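First comes the structure, then the notes that go with it.
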Amino acid sequence: MDTVSVHDIDYGTPEVSSTEQVTLTIDGFPVTVAKGTSIMRAAVELGTQIPKLCATDSLEPFGSCRLCLVEIEGRRGFPASCTTPAESGMVVRTQSPKLADLRRGVMELYISDHPLDCLTCASNGDCELQDMSGAVGLREVRYGYEGKNHIHSDKDTSNPYFQYDPSKCIVCNRCVRACEETQGTFALTISGRGFNSRVSPGESQSFMDSECVSCGACVNACPTATLVEKTIVEQGQPEHSVITTCAYCGVGCGFKADMKGSEVVRMTPWKDGKANEGHACIKGRFAWGYATHKDRMLKPMVRENITDPWQEVSFDEAINFAAKKLRGIQDKYGVDSIGGITSSRCTNEETYLVQKLVRAVFHNNNVDTCARVCHSPTGFGLGQTYGTSAGTQTFKSIEHSDVILVMGANPTDAHPVFGSRMKKRLREGAKLIVIDPRAIELVSTAHIKADYHLQLRPGTNVAMVSAIAHVVVTEGLVKEEFVQERCDMDSFNLWRDWVIKPENSPEALEITTGVPAQLVRQAARLYATGGNAAIYYGLGVTEHAQGSTAVIGIANLAMATGNIGREGVGVNPLRGQNNVQGSCDMGSFPHEFPGYRHVSDSKTRGLFEQDWGVSLRADPGLRIPNMFDAALEGSFKGLYCQGEDIVQSDPDTQHVTAALEAMECVVVQDIFLNETAKYAHVFLPGSSFLEKDGTFTNAERRISRVRQVMEPKAGMADWEVTVALAKALGYDMPYNHPSEIMAEIARLTPTFAGVNYDKLDQLGSLQWPCNDEHPEGTPLMHVDHFVRGKGRFIISQYVPTEERVTKRFPLILTTGRILSQYNVGAQTRRTENVHFHDEDRLEIHPDDAKERGIDSGDWVGIASRSGETVLRALVSERMQPGVVYTTFHFPESGANVITTDNSDWATNCPEYKVTAVQVLKVKQPSEWQKQYKEFNDTQLRLLRERKTAENLVGAK
Amino acid sequence: MMNPQHLIKMANAIGDFFSAMPDQEQAARDAASHLKRFWEKRMQKSFFDYIKANGDGELKPIMRRALSFMDEELGAYHG
Ligand code: SF4
Ligand code: SF4
Ligand code: SF4
Ligand code: FES
């Protein structure tokens, strides 16, 4: 196992990036550092620790504790080393009798107001106050402990994950600064003065009642046991750590899993993780308890019919049962009658194996992944225009942005750690344009206000992008030089002639988008002329009937304004799940081999045929929605589904469940008996990210290691299960370790040619393309030329969706997510995160609510042409009149019972974001919810009644 | 047969995208190629069977033109 030390070096102040160097002498030794570096940090680089309490290297220095005093030759007094920059020729002394005296005096004051229960304190062994008492040689406290103190102050245990014990607070302000600088929430203040001062969330509220979003940055920054994780209080200090990657969102934060034996006691954001640089959000930091939840399924199970009770069997039996069924189906209904679904929650290696299984062993291309329902338009749109299906920047690049355009994304909820980075840049003065039907948090939050919020009607993104482009071209804001040098001029000329048409002007499109033309013009000018401009977009762009068109439009816009190919600019899809990028890269789409190469490309196919030793198909397979249609038609009968919950996450639930019911063998591999597994014939227990080795690729193309910290609970790793299934079907996949799978990926995929586990261990992470030309990866794409050569402009005509409001369905429903829950919620619902969001609600504008006599908390029925469900209402100004909104984290909410079968023209990505609905006050659950409850109760009974005996129901 | 209404709707949506292109001949060719590159063969077959039986009246003009560029002989795939 690759273990590392629990404790990292704290340099005291942040790293400074400057090309200028200065050399100074500290305690007689010369040291050279970047100009602007603090004396404290220079000393640590030399290997010398200067005592400190209020400084830590994730925060700007504050200079309040006076413990870090030093002597500088030629200067009077005792400057604080954390706030004093190193200068050339300086001669610094960090220890002297006078300094020792001063420091002891400071410590004495702190300790006299501190409970001396070190031996039983949760932070014993991990407390900087303790360390500093030792470092300064504190031997007595002259003030005694009898004076005024805070020993009897009450603890705040309201947050489910950490506690606040004011008696231990030394008022160093680190937590307050962490909440401001690192997280950007501004939830904490120091209230009271002098001796009475203490940290306080909001206006003396509890943590839970305050603005706090439970990111844990303050807990990380606290030098004492004042703010401490409850797991540490309960389980004690960790003894080793393993570096791994968060398995929730597409930010892909690096973590240290802090371990006690094989038990995780804390997840600490990894300082050297390049995606997060030591920050985290509530999900990755705290919501990992699901991994050991009692609902984890640990035994393989099979059954003939989904109305039968389950039968527990061995892995061998389950796999043979599945293999026999799948082959039987192919014999009876043809080779194309089965397929597989890979997951963005699985590793690159696992995903690669599933598509290999489908292509090489099932002998068809019926493989797809959940990116179908989220970012497939990104792959298509960016592939067509730029030549590669990925975002163009690193997250860090935003530090150089002057204008940030956020479209159809909600980073503070869905990509929180990146959201914090963005907020930091915005506080530094970058301008912000938000294009969203909803007033997302960024529109107005602590110290941030969007310069423009273009609150368009759902479904009119393409019209909006056209209007912006129209302004750019007609007002002469095109970066002609860039376009001439870097882009295909024929395509540009065609595009320009199209975009300048009067029907694309903001004035003409005002009636469509609902946004005043003047506002669009101003925002367009800002984007085109405000300096480095970067676009960040999310599922609010892709999950539309014109998702691909919108991505193409965005790509056009960035090219026309020259915002591609350097720091601070670019086109950046914010990916939903952790490995969306990776699962697409790994050839999960039915028409593409790994590395986005069409299956009809005979050269690529030949490469795989040779390596895999089988002949491969040149015709594209079924996409997920096509699989459902084919199942209902009777030609698709068997499915191997790894780590996905299509029943809950895919649109038009009743269509999906009818399709699954029409199949003869559904094999589900997952850690829980998810909604899809309730329709399965074979259940294969999967493992959580803590139990696996592999890699994830985040939204910035960064490949990071996932490291096993505990054995797979069910006994087999996910990749081993796929290998066993292949073997049972007569095909050998002889790997000993996931690193060998990566070696095969690298061998067959030019953009991954330089990737291997050794290099990942050495460098921490790698951004693809990683090859001979870029052996350490490629942070910025399209620097000198586009991947496809010249950038290609493509006309992106707005076509209204067929989903329109009518008398019967007068409102538009759009869907989204919130911070504390993740996707279908299978993981987060099984953690304390439910305290932050325990049900999906329907957000509705006060006018629409009033018209219908609806108050917050009322039960309301939401009906579309697909179905009906019932949720509780939340009357909210965030919505615009005519638009309602909900999340889809709980299965019984049935948000997808309402969404329709409309989809993106190019990729079939479903149109989740636009559904015409009616909302009415009701008294009881919907028909669907009643049926769901009945079905769910039956399935849970069939699970409870599962047979554990030997007599396997024979696979006929 | 796969739900023909669904297939017609999908084909017309492809047509909508390409009908904005100035060179309509090329646009019809591109629409045809898109369909061939992304539709699985039973979808293509159901689509053609339906058109053969019911005519191309439900298709938008560009998709009607695109039909002539589609190779009806399924499996003979050129991408
Ligand atoms: S947990 Fe995060 S949001 Fe809450 S107070 Fe601490 S730093 Fe602020
Ligand atoms: S809670 Fe911790 S970090 Fe915050 S002021 Fe008190 S001791 Fe410092
Ligand atoms: S931001 Fe995303 S990757 Fe980072 S900790 Fe939160 S959920 Fe995990
Ligand atoms: S560490 Fe420098 S003043 Fe506190």
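Ordered as shown in the structure tokens, chains take letters A, B, and onward, while each chain numbers its residues from 1 and ligands are numbered from 1 in the order shown.
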Can you list every residue of chain A that has an atom at most 9 Å from ligand 3, with its nearest atom pair and the distance in Å to one decimal, using only C-alpha atoms and all ligand atoms, ordered by chain then number, as a tab-separated table?
```
residue	atom	partner	partner_atom_place_in_ligand_line	distance
A:Cys215	CA	ligand 3	6 (Fe)	8.3
A:Thr245	CA	ligand 3	3 (S)	7.5
A:Cys246	CA	ligand 3	8 (Fe)	4.6
A:Ala247	CA	ligand 3	8 (Fe)	6.2
A:Tyr248	CA	ligand 3	7 (S)	4.4
A:Cys249	CA	ligand 3	2 (Fe)	3.9
A:Gly250	CA	ligand 3	3 (S)	5.9
A:Val251	CA	ligand 3	3 (S)	4.4
A:Gly252	CA	ligand 3	3 (S)	3.9
A:Cys253	CA	ligand 3	3 (S)	4.2
A:Gly254	CA	ligand 3	3 (S)	7.6
A:Phe255	CA	ligand 3	5 (S)	8.1
A:Pro269	CA	ligand 3	5 (S)	7.6
A:Ala275	CA	ligand 3	4 (Fe)	8.2
A:Asn276	CA	ligand 3	4 (Fe)	6.8
A:His279	CA	ligand 3	4 (Fe)	7.6
A:Ala280	CA	ligand 3	5 (S)	4.2
A:Cys281	CA	ligand 3	6 (Fe)	4.0
A:Ile282	CA	ligand 3	6 (Fe)	6.2
A:Lys283	CA	ligand 3	7 (S)	4.9
A:Gly284	CA	ligand 3	5 (S)	3.6
A:Arg285	CA	ligand 3	5 (S)	5.7
A:Phe286	CA	ligand 3	5 (S)	8.6
A:Asp413	CA	ligand 3	1 (S)	9.0
A:Ala414	CA	ligand 3	2 (Fe)	7.5
A:His415	CA	ligand 3	1 (S)	5.1
A:Pro416	CA	ligand 3	1 (S)	4.7
A:Val417	CA	ligand 3	1 (S)	4.3
A:Phe418	CA	ligand 3	1 (S)	6.6
A:Gly419	CA	ligand 3	1 (S)	8.3
A:Gly576	CA	ligand 3	2 (Fe)	9.0
A:Gln577	CA	ligand 3	2 (Fe)	8.4
A:Asn578	CA	ligand 3	3 (S)	6.7
A:Asn698	CA	ligand 3	3 (S)	8.5
A:Leu819	CA	ligand 3	7 (S)	8.6
A:Ser820	CA	ligand 3	7 (S)	8.9
A:Tyr822	CA	ligand 3	7 (S)	8.0
```
Proximal residues of chain B relative to chain A (only C-alpha atoms; 8 Å) as number ranges by chain: B: 1-3, 10-11, 13-14, 16-17, 20-22, 34, 37-41, 75, 77-79
Cut-off 6 Å, only C-alpha atoms and all ligand atoms, neighbours of ligand 4 as a ChimeraX atom specification: /A:52-55,63-68,80-82
Export of prior selection with N, CA, C and O atoms as a PDB file, in the first residue's frame:
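Result file is result-v1.pdb:
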```pdb
ATOM      1  N   LYS A  52       4.759  29.526  15.662  1.00  0.00           N
ATOM      2  CA  LYS A  52       3.674  30.322  15.061  1.00  0.00           C
ATOM      3  C   LYS A  52       2.341  29.762  15.526  1.00  0.00           C
ATOM      4  O   LYS A  52       2.249  28.583  15.878  1.00  0.00           O
ATOM      5  N   LEU A  53       1.336  30.586  15.537  1.00  0.00           N
ATOM      6  CA  LEU A  53      -0.013  30.095  15.820  1.00  0.00           C
ATOM      7  C   LEU A  53      -1.044  30.612  14.829  1.00  0.00           C
ATOM      8  O   LEU A  53      -1.900  29.888  14.367  1.00  0.00           O
ATOM      9  N   CYS A  54      -0.950  31.896  14.477  1.00  0.00           N
ATOM     10  CA  CYS A  54      -2.011  32.433  13.617  1.00  0.00           C
ATOM     11  C   CYS A  54      -1.715  32.248  12.147  1.00  0.00           C
ATOM     12  O   CYS A  54      -2.558  32.547  11.308  1.00  0.00           O
ATOM     13  N   ALA A  55      -0.524  31.777  11.812  1.00  0.00           N
ATOM     14  CA  ALA A  55      -0.175  31.616  10.399  1.00  0.00           C
ATOM     15  C   ALA A  55      -0.316  30.164   9.970  1.00  0.00           C
ATOM     16  O   ALA A  55      -0.051  29.252  10.748  1.00  0.00           O
ATOM     17  N   GLY A  63      -0.625  38.127  11.325  1.00  0.00           N
ATOM     18  CA  GLY A  63       0.223  38.860  12.276  1.00  0.00           C
ATOM     19  C   GLY A  63      -0.418  39.172  13.608  1.00  0.00           C
ATOM     20  O   GLY A  63      -0.248  40.261  14.140  1.00  0.00           O
ATOM     21  N   SER A  64      -1.174  38.248  14.174  1.00  0.00           N
ATOM     22  CA  SER A  64      -1.861  38.592  15.420  1.00  0.00           C
ATOM     23  C   SER A  64      -1.312  37.906  16.659  1.00  0.00           C
ATOM     24  O   SER A  64      -1.436  38.425  17.753  1.00  0.00           O
ATOM     25  N   CYS A  65      -0.684  36.742  16.523  1.00  0.00           N
ATOM     26  CA  CYS A  65      -0.351  36.007  17.757  1.00  0.00           C
ATOM     27  C   CYS A  65       0.974  36.443  18.379  1.00  0.00           C
ATOM     28  O   CYS A  65       1.205  36.234  19.557  1.00  0.00           O
ATOM     29  N   ARG A  66       1.837  37.047  17.575  1.00  0.00           N
ATOM     30  CA  ARG A  66       3.138  37.549  18.043  1.00  0.00           C
ATOM     31  C   ARG A  66       4.054  36.442  18.559  1.00  0.00           C
ATOM     32  O   ARG A  66       4.896  36.671  19.417  1.00  0.00           O
ATOM     33  N   LEU A  67       3.866  35.263  18.069  1.00  0.00           N
ATOM     34  CA  LEU A  67       4.730  34.168  18.509  1.00  0.00           C
ATOM     35  C   LEU A  67       5.915  33.998  17.558  1.00  0.00           C
ATOM     36  O   LEU A  67       6.930  33.411  17.899  1.00  0.00           O
ATOM     37  N   CYS A  68       5.774  34.513  16.353  1.00  0.00           N
ATOM     38  CA  CYS A  68       6.748  34.229  15.305  1.00  0.00           C
ATOM     39  C   CYS A  68       7.800  35.322  15.194  1.00  0.00           C
ATOM     40  O   CYS A  68       8.447  35.465  14.167  1.00  0.00           O
ATOM     41  N   ALA A  80       7.329  40.418  13.139  1.00  0.00           N
ATOM     42  CA  ALA A  80       6.695  39.105  12.970  1.00  0.00           C
ATOM     43  C   ALA A  80       7.183  38.499  11.660  1.00  0.00           C
ATOM     44  O   ALA A  80       7.129  39.151  10.618  1.00  0.00           O
ATOM     45  N   SER A  81       7.668  37.281  11.721  1.00  0.00           N
ATOM     46  CA  SER A  81       8.270  36.690  10.518  1.00  0.00           C
ATOM     47  C   SER A  81       7.216  36.293   9.487  1.00  0.00           C
ATOM     48  O   SER A  81       7.519  36.100   8.325  1.00  0.00           O
ATOM     49  N   CYS A  82       5.963  36.153   9.912  1.00  0.00           N
ATOM     50  CA  CYS A  82       4.943  35.751   8.946  1.00  0.00           C
ATOM     51  C   CYS A  82       4.525  36.895   8.046  1.00  0.00           C
ATOM     52  O   CYS A  82       4.140  36.680   6.900  1.00  0.00           O
TER      53      CYS A  82
END
```
Arg421 of chain A environment, 9 Å, only C-alpha atoms, sequence neighbours closer than 6 positions dropped, as a ChimeraX atom specification: /A:182-184,276,395-396,398-399
Export all heavy atoms of the chosen residues as a short mmCIF file (atom, residue, chain, number, x, y, z; two decimals), in the first residue's frame?
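Saved as selection.cif:
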```cif
data_model
loop_
_atom_site.label_atom_id
_atom_site.label_comp_id
_atom_site.auth_asym_id
_atom_site.auth_seq_id
_atom_site.Cartn_x
_atom_site.Cartn_y
_atom_site.Cartn_z
N THR A 182 -10.54 30.90 1.60
CA THR A 182 -10.51 29.61 0.93
C THR A 182 -11.89 29.25 0.39
O THR A 182 -12.03 28.88 -0.77
CB THR A 182 -10.06 28.51 1.92
OG1 THR A 182 -8.89 28.97 2.58
CG2 THR A 182 -9.79 27.21 1.19
N GLN A 183 -12.91 29.38 1.24
CA GLN A 183 -14.23 28.94 0.84
C GLN A 183 -15.05 30.07 0.21
O GLN A 183 -15.83 29.84 -0.70
CB GLN A 183 -14.96 28.34 2.06
CG GLN A 183 -16.47 28.16 1.91
CD GLN A 183 -16.85 27.29 0.72
OE1 GLN A 183 -16.06 26.49 0.23
NE2 GLN A 183 -18.06 27.49 0.21
N GLY A 184 -14.89 31.29 0.72
CA GLY A 184 -15.64 32.41 0.15
C GLY A 184 -17.08 32.49 0.63
O GLY A 184 -17.93 33.05 -0.05
N ASN A 276 -7.60 20.89 -6.40
CA ASN A 276 -8.25 21.55 -5.25
C ASN A 276 -7.30 22.32 -4.36
O ASN A 276 -7.72 23.13 -3.55
CB ASN A 276 -9.02 20.53 -4.42
CG ASN A 276 -8.17 19.37 -3.94
OD1 ASN A 276 -7.31 18.86 -4.65
ND2 ASN A 276 -8.42 18.94 -2.72
N PHE A 395 -8.13 24.30 -13.97
CA PHE A 395 -8.95 25.12 -13.06
C PHE A 395 -8.19 26.38 -12.65
O PHE A 395 -8.74 27.45 -12.52
CB PHE A 395 -9.32 24.34 -11.80
CG PHE A 395 -10.32 23.24 -12.04
CD1 PHE A 395 -10.22 22.03 -11.35
CD2 PHE A 395 -11.37 23.41 -12.92
CE1 PHE A 395 -11.14 21.02 -11.55
CE2 PHE A 395 -12.30 22.40 -13.13
CZ PHE A 395 -12.18 21.21 -12.44
N LYS A 396 -6.90 26.21 -12.43
CA LYS A 396 -6.09 27.32 -11.93
C LYS A 396 -6.06 28.49 -12.91
O LYS A 396 -5.85 29.64 -12.50
CB LYS A 396 -4.66 26.80 -11.68
CG LYS A 396 -3.88 27.60 -10.66
CD LYS A 396 -2.51 26.96 -10.41
CE LYS A 396 -1.60 27.85 -9.58
NZ LYS A 396 -2.13 28.13 -8.23
N ILE A 398 -8.21 30.12 -14.10
CA ILE A 398 -9.18 31.18 -13.81
C ILE A 398 -8.54 32.34 -13.05
O ILE A 398 -9.05 33.45 -13.05
CB ILE A 398 -10.41 30.62 -13.04
CG1 ILE A 398 -11.60 31.56 -13.22
CG2 ILE A 398 -10.10 30.39 -11.58
CD1 ILE A 398 -12.92 31.00 -12.81
N GLU A 399 -7.39 32.08 -12.43
CA GLU A 399 -6.68 33.16 -11.72
C GLU A 399 -6.25 34.26 -12.69
O GLU A 399 -5.89 35.36 -12.27
CB GLU A 399 -5.46 32.60 -10.98
CG GLU A 399 -5.87 31.71 -9.82
CD GLU A 399 -4.69 30.98 -9.18
OE1 GLU A 399 -3.53 31.26 -9.53
OE2 GLU A 399 -4.95 30.12 -8.30
#
```
Contacts to ligand 2 at 6 Å cut-off (only C-alpha atoms and all ligand atoms) as a PyMOL selection string: chain A and resi 169-175+199+221-224+226-227
Selection above as a file: C-alpha atoms, as a PDB file, in the first residue's frame:
```
ATOM      1  CA  CYS A 169     -10.371  28.783  21.088  1.00  0.00           C
ATOM      2  CA  ILE A 170      -7.269  30.958  20.979  1.00  0.00           C
ATOM      3  CA  VAL A 171      -8.895  33.538  18.682  1.00  0.00           C
ATOM      4  CA  CYS A 172      -6.204  33.139  16.040  1.00  0.00           C
ATOM      5  CA  ASN A 173      -8.722  33.995  13.342  1.00  0.00           C
ATOM      6  CA  ARG A 174      -7.577  31.177  11.077  1.00  0.00           C
ATOM      7  CA  CYS A 175     -11.087  29.766  10.778  1.00  0.00           C
ATOM      8  CA  VAL A 199     -15.535  32.836  16.986  1.00  0.00           C
ATOM      9  CA  ALA A 221      -7.269  25.583   9.530  1.00  0.00           C
ATOM     10  CA  CYS A 222      -7.946  25.447  13.278  1.00  0.00           C
ATOM     11  CA  PRO A 223      -4.699  24.836  15.167  1.00  0.00           C
ATOM     12  CA  THR A 224      -6.455  23.515  18.285  1.00  0.00           C
ATOM     13  CA  THR A 226     -11.799  24.023  18.981  1.00  0.00           C
ATOM     14  CA  LEU A 227     -13.037  22.984  15.567  1.00  0.00           C
TER      15      LEU A 227
END
```
Near-ligand residues for ligand 1, threshold 8 Å, only C-alpha atoms and all ligand atoms, as a list in words: Cys175, Val176, Ala178, Cys179, Glu180, Thr182, Gln183, Gly184, Thr185, Phe186, Ala187, Leu188, Pro201, Phe207, Glu211, Cys212, Val213, Ser214, Cys215, Gly216, Ala217, Cys218, Val219 and Cys281 of chain A
Residues of segment 253-394 of chain A in strand (DSSP E or B), written as a PyMOL selection string: chain A and resi 254-260+263-269+301-302+311-312+338-342+367-369
Top pick for closest residue to Val884 of chain A, considering A:Leu920, A:Leu811, A:Leu684, A:Ala439 and counting only C-alpha atoms: A:Leu811
Members of chain B assigned alpha helix (DSSP H) by DSSP, as a ChimeraX atom specification: /B:4-18,24-38,41-54,61-67
Computed interatomic separation between atom CA of Arg944 of chain A and atom CA of Leu725 of chain A (Å): 26.6 Å
Which residue of B:His6, B:Leu67, B:Arg42, B:Gly15 approaches Gly55 of chain B most closely, using only C-alpha atoms: B:Leu67
Test item: residues at most 12 Å from Leu766 of chain A, only C-alpha atoms, excluding those fewer than 3 positions along its chain, as an MDAnalysis selection string: chainID A and resid 273:275 394 695:698 700:705 751:763 769:771 774:779
Spatial neighbours of Phe48 of chain B, max dist 9 Å, only C-alpha atoms, sep filter under 4 positions, as a PyMOL selection string: chain B and resi 43-44+52-53+67+72
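The coordinates place atom CA of Asp732 of chain A at 18.0 Å from atom CA of Phe321 of chain A.
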For Asp258 of chain A: contacts at 9 Å, only C-alpha atoms, fewer than 6 positions along chain excluded, given as number ranges by chain: A: 6, 237-243, 264-268
